[in-house]
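Enquirer: Could you have a look at this structure, given as structure tokens, before my questions?
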Amino acid sequence: MSFTAVVSGETAITARGPLKEAAERVMGRLWIDQVPVRLASEDASLWPSAATAGVEGRPLCWPGQPGPGRAVLDRAERLRARAREDGLTDVVLLGAGAPARAAELIVRAGGAAEGGRGSLTVLDGPDPGAPLRIREDPERLNRTAFVVTGDDPATEALREVFAEALREEGLSLDGIARRFVTVAEPGAAAAKHATEAGLPLVEAPAPTAFGALSPYALVPAALAGADIATLLEEATAVLPSLTRPENNPGLVLGAILGGAARAGRRTAVLGGYPAALPGVAGWAARLLREAARGRLAPVVQDGGMPLQPDDDLFLLTFDGRPHQDDATIAGPLAAQLVVWEYAAAVASYLLEADPLAAAERPGPMTLDDGTGEPLFADGDPGRAVEAHTTVPALAGASGLAELLDALAGRVGPGEHLALLAYLDPDEARGQGAQVRRLAALLAARCGRPVRVDWGARPPASGNDHPDGCVYLLVTGNVVRDVPVPGRHHRLGMLQLARALGDARDARAAGRPVVRLHLQNRWAGLTRLLDAARGDI
């Protein structure tokens, strides 16, 4: 028997075996607590942060609700028409988190509005690689619009870098202003800057993980040519299914996720088979990570996952094929955006997480992670890999191979390894593919899932360092850096400072952390791969 919900004959969600049993155990509690009705009515008593925002009169991006997107639909379409008049077809999104990845997913999924499709590039970290490529390609720079959705030092630095690049191209202040669109909550620093600089400002509710149908995702997607009007219509058609007592897809998926975690299966492996919507697993993983606040560990199966199953994890595939003892979801984009956000909220409720808590601003920039001198430098001078850790069981390693062996042994049953790469993820430059190969080799060594992230701190904060997470951070020197106008630092320095701050935060939360610094990125990654294979 299976545990299934179907929406309009298109979107199907199914759980089998232990997952079915775990979901059924929590379903009664969800109805007793009236969670579907409270979610539909945006009941602020569901989470402490929502109650606080309600007292303050601050609207929040609520799970699965297309209202904020509909409110700016006309404005987004006017901005797209103006961009096309100016010859702007490409979009660079300066923002992070689940809403930014939702914008990327929407554009990739197709469905072009009048005026045709362009491209969307998400810059959610200050690595200088992508900004250099854009700045040094005048043709690309001159057809690019920039959408600012972040409100942190890295986003501010990237905005200034691109504004300076446009000034160097000879654009006037008015010309530069036509290139930038800011999406922000009224009163936020980004909104104040946009107003003072005369930049177009699209006001939005306070950002949360639930932003797939909010201006934070839909404005950049619209500028890149996505048909967001049709997307919103299709999303609205799904809403009635989320209030009914039976065959409620969001409730079923949320019960699967939350019930599994409550039953001890806290690692959700997303993927496994080619999905009809490329990128949906990555977005869903980011959404769950931000919403569940460490109480559920989503890992995308793209090479960083062992083949053998384990009692603490489960596989959720996106193709709808029948698999034994797992869960599947299949359906069109709009339905999945709504259902996944609703499900993430339900799972967070079951796991007593607060998915709407406000983001914390990073502390002051510092180039010290508290580890002191490196344990060793493996390799030739100038091309070596420097190792840093304060974990006593790992600090005795004398080389990379020994350290990776010890690190793999540190990832025990019920745990997973987080590989955070503060490098350039661009596939054409090869670092992305090398990092994924490294993840696969480490997964084979430790027999546990390996999560890959690109050093982009999500806007949601809270328990970002859950029990059972072991960290491997990879940083590297940059050959060419980008100065930040009006500042005394460069993007590469900002990237390294972010990595060191993340390392300090993870250690403060009691998690094991190893940081490997590549004096030369290419040579260092090659040496890491050799060490992970046992070739050195």
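Each chain of the structure tokens is named A, B, ... in the order shown, its residues numbered from 1; ligands are numbered from 1 in display order.
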Could you pull out the alpha helix (DSSP H) residues of stretch 22-209 of chain A, going by DSSP on the backbone, and write them as a PyMOL selection string?
Expert: chain A and resi 22-32+35-40+48-56+67-71+73-85+97-108+129-135+138-141+153-168+173-177+189-197
Enquirer: Skipping near chain neighbours, those fewer than 3 positions away, what residues fall within 9 Å of A:Arg244 using only C-alpha atoms, listed as a list of chain:residue names?
Expert: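 Non-adjacent residues within range: A:Pro36, A:Val37, A:Pro240, A:Ser241, A:Asn247, A:Asn248.
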Enquirer: Based on the selection just made, write N, CA, C and O atoms of those residues as a short mmCIF file (atom, residue, chain, number, x, y, z; two decimals), in the first residue's frame.
Expert:
data_model
loop_
_atom_site.label_atom_id
_atom_site.label_comp_id
_atom_site.auth_asym_id
_atom_site.auth_seq_id
_atom_site.Cartn_x
_atom_site.Cartn_y
_atom_site.Cartn_z
N PRO A 36 -3.67 22.85 8.29
CA PRO A 36 -4.04 23.30 6.94
C PRO A 36 -4.84 24.60 6.94
O PRO A 36 -4.58 25.51 6.14
N VAL A 37 -5.82 24.71 7.85
CA VAL A 37 -6.63 25.93 7.92
C VAL A 37 -5.78 27.11 8.36
O VAL A 37 -5.90 28.23 7.82
N PRO A 240 -6.83 25.53 -3.84
CA PRO A 240 -7.95 24.83 -3.20
C PRO A 240 -7.59 23.43 -2.70
O PRO A 240 -8.17 22.96 -1.71
N SER A 241 -6.66 22.77 -3.35
CA SER A 241 -6.29 21.41 -2.92
C SER A 241 -5.58 21.41 -1.58
O SER A 241 -5.47 20.37 -0.94
N ASN A 247 -6.53 14.00 0.16
CA ASN A 247 -5.88 14.25 -1.13
C ASN A 247 -5.27 15.65 -1.17
O ASN A 247 -5.31 16.34 -2.19
N ASN A 248 -4.70 16.05 -0.04
CA ASN A 248 -4.06 17.36 0.10
C ASN A 248 -2.56 17.17 -0.15
O ASN A 248 -1.85 16.62 0.70
#
Enquirer: Between A:Asp453, A:Asp151, A:Asp86, A:Asp502, which is the closest to A:Ala191 once you count only C-alpha atoms?
Expert: A:Asp151
Enquirer: Leaving out A:Ala83 and any residue of its chain fewer than 4 positions from it, which residues lie within 10 Å of it when counting only C-alpha atoms, given as an mmCIF file with N, CA, C and O atoms, in the first residue's frame?
Expert:
data_model
loop_
_atom_site.group_PDB
_atom_site.id
_atom_site.type_symbol
_atom_site.label_atom_id
_atom_site.label_comp_id
_atom_site.auth_asym_id
_atom_site.auth_seq_id
_atom_site.Cartn_x
_atom_site.Cartn_y
_atom_site.Cartn_z
ATOM 1 N N GLU A 77 6.077 43.415 -15.458
ATOM 2 C CA GLU A 77 5.941 43.389 -16.915
ATOM 3 C C GLU A 77 6.360 44.722 -17.528
ATOM 4 O O GLU A 77 6.934 44.758 -18.623
ATOM 5 N N ARG A 78 6.085 45.830 -16.829
ATOM 6 C CA ARG A 78 6.538 47.141 -17.338
ATOM 7 C C ARG A 78 8.058 47.230 -17.308
ATOM 8 O O ARG A 78 8.682 47.764 -18.233
ATOM 9 N N LEU A 79 8.654 46.716 -16.249
ATOM 10 C CA LEU A 79 10.114 46.727 -16.163
ATOM 11 C C LEU A 79 10.733 45.864 -17.256
ATOM 12 O O LEU A 79 11.769 46.220 -17.828
ATOM 13 N N GLY A 87 17.426 47.170 -24.901
ATOM 14 C CA GLY A 87 18.277 46.109 -25.430
ATOM 15 C C GLY A 87 18.824 45.172 -24.371
ATOM 16 O O GLY A 87 19.825 44.488 -24.614
ATOM 17 N N LEU A 88 18.176 45.109 -23.210
ATOM 18 C CA LEU A 88 18.658 44.276 -22.103
ATOM 19 C C LEU A 88 17.905 42.952 -22.106
ATOM 20 O O LEU A 88 16.700 42.909 -21.846
ATOM 21 N N THR A 89 18.597 41.883 -22.398
ATOM 22 C CA THR A 89 17.983 40.552 -22.442
ATOM 23 C C THR A 89 18.494 39.629 -21.356
ATOM 24 O O THR A 89 17.828 38.651 -21.006
ATOM 25 N N ASP A 90 19.680 39.903 -20.823
ATOM 26 C CA ASP A 90 20.275 39.056 -19.792
ATOM 27 C C ASP A 90 20.068 39.698 -18.425
ATOM 28 O O ASP A 90 20.013 40.922 -18.297
ATOM 29 N N VAL A 91 19.995 38.852 -17.399
ATOM 30 C CA VAL A 91 19.785 39.327 -16.034
ATOM 31 C C VAL A 91 20.828 38.699 -15.127
ATOM 32 O O VAL A 91 21.088 37.492 -15.210
ATOM 33 N N ARG A 143 24.223 44.260 -22.438
ATOM 34 C CA ARG A 143 22.869 43.724 -22.597
ATOM 35 C C ARG A 143 22.324 43.177 -21.271
ATOM 36 O O ARG A 143 21.315 42.460 -21.251
ATOM 37 N N THR A 144 22.962 43.517 -20.152
ATOM 38 C CA THR A 144 22.615 42.933 -18.859
ATOM 39 C C THR A 144 21.927 43.929 -17.946
ATOM 40 O O THR A 144 22.382 45.068 -17.785
ATOM 41 N N ALA A 145 20.826 43.476 -17.334
ATOM 42 C CA ALA A 145 20.172 44.198 -16.250
ATOM 43 C C ALA A 145 20.509 43.492 -14.938
ATOM 44 O O ALA A 145 20.717 42.271 -14.910
ATOM 45 N N ARG A 178 18.887 52.876 -14.885
ATOM 46 C CA ARG A 178 17.983 52.039 -15.680
ATOM 47 C C ARG A 178 18.442 50.588 -15.737
ATOM 48 O O ARG A 178 17.692 49.717 -16.188
ATOM 49 N N ARG A 179 19.659 50.324 -15.293
ATOM 50 C CA ARG A 179 20.189 48.954 -15.330
ATOM 51 C C ARG A 179 19.900 48.167 -14.059
ATOM 52 O O ARG A 179 20.062 46.955 -14.037
ATOM 53 N N LEU A 223 12.150 39.666 -15.806
ATOM 54 C CA LEU A 223 13.106 40.430 -16.602
ATOM 55 C C LEU A 223 13.896 39.523 -17.544
ATOM 56 O O LEU A 223 14.313 39.950 -18.628
ATOM 57 N N ALA A 224 14.100 38.269 -17.130
ATOM 58 C CA ALA A 224 14.803 37.311 -17.988
ATOM 59 C C ALA A 224 13.888 36.682 -19.032
ATOM 60 O O ALA A 224 14.345 35.861 -19.827
#
Enquirer: A:Gly259, A:Gly331, A:Gly250, A:Pro512: which is nearest A:Pro392, counting only C-alpha atoms?
Expert: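 Smallest distance to A:Pro392 is found for A:Pro512.
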Enquirer: Fewer than 5 positions away in the same chain doesn't count, so skip those; otherwise give me all residues within 9 Å of stretch 255-257 of chain A, counting only C-alpha atoms, as a list in words.
Expert: Phe3, Thr14, Ala15, Leu19, Lys20, Glu21, Ala22, Ala23, Glu24, Arg25, Val26, Met27, Leu30, Gly250, Arg262, Arg265, Arg266, Ala268, Leu296, Ala327, Ala343, Ala344, Val346, Ala347 and Leu350 of chain A
Enquirer: Identify all residues of stretch 74-321 of chain A in strand (DSSP E) (DSSP on the backbone) and supply them as a VMD selection string.
Expert: chain A and resid 90 to 94 119 to 123 144 to 148 180 to 184 201 to 203 267 to 271 297 to 301 313 to 317
Enquirer: Do you have, as JSON lines, the list of residues of stretch 315-415 of chain A lying at most 12 Å from stretch 100-105 of chain A, each with its nearest atom pair and that distance in Å to one decimal, counting only C-alpha atoms and ordered by chain then number?
Expert:
{"residue": "A:Leu333", "atom": "CA", "partner": "A:Leu105", "partner_atom": "CA", "distance": 8.7}
{"residue": "A:Ala334", "atom": "CA", "partner": "A:Leu105", "partner_atom": "CA", "distance": 10.8}
{"residue": "A:Gln336", "atom": "CA", "partner": "A:Ala102", "partner_atom": "CA", "distance": 10.9}
{"residue": "A:Leu337", "atom": "CA", "partner": "A:Ala102", "partner_atom": "CA", "distance": 8.2}
{"residue": "A:Val338", "atom": "CA", "partner": "A:Ala102", "partner_atom": "CA", "distance": 11.4}
{"residue": "A:Trp340", "atom": "CA", "partner": "A:Ala102", "partner_atom": "CA", "distance": 11.4}
{"residue": "A:Glu341", "atom": "CA", "partner": "A:Ala102", "partner_atom": "CA", "distance": 11.0}
Enquirer: So which one's closest to A:Trp522, A:Asp127, A:Asp481, A:Glu352, A:Asp424? Using only C-alpha atoms, please.
Expert: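 Checking each candidate against A:Trp522, we get A:Asp424 as the closest.
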Enquirer: Could you tell me how far atom CA of A:Arg451 sits from atom CA of A:His416, in Å to one decimal place?
Expert: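 Computing it gives 7.4 Å between the two atoms.
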Enquirer: Which residues come within 10 Å of A:Arg159, counting only C-alpha atoms, excluding same-chain residues fewer than 4 positions away, as a count of residues only?
Expert: 14
Enquirer: To one decimal place, how far is atom CA of A:Gln65 from atom CA of A:Pro332 in Å?
Expert: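 Separation between atom CA of A:Gln65 and atom CA of A:Pro332: 16.7 Å.
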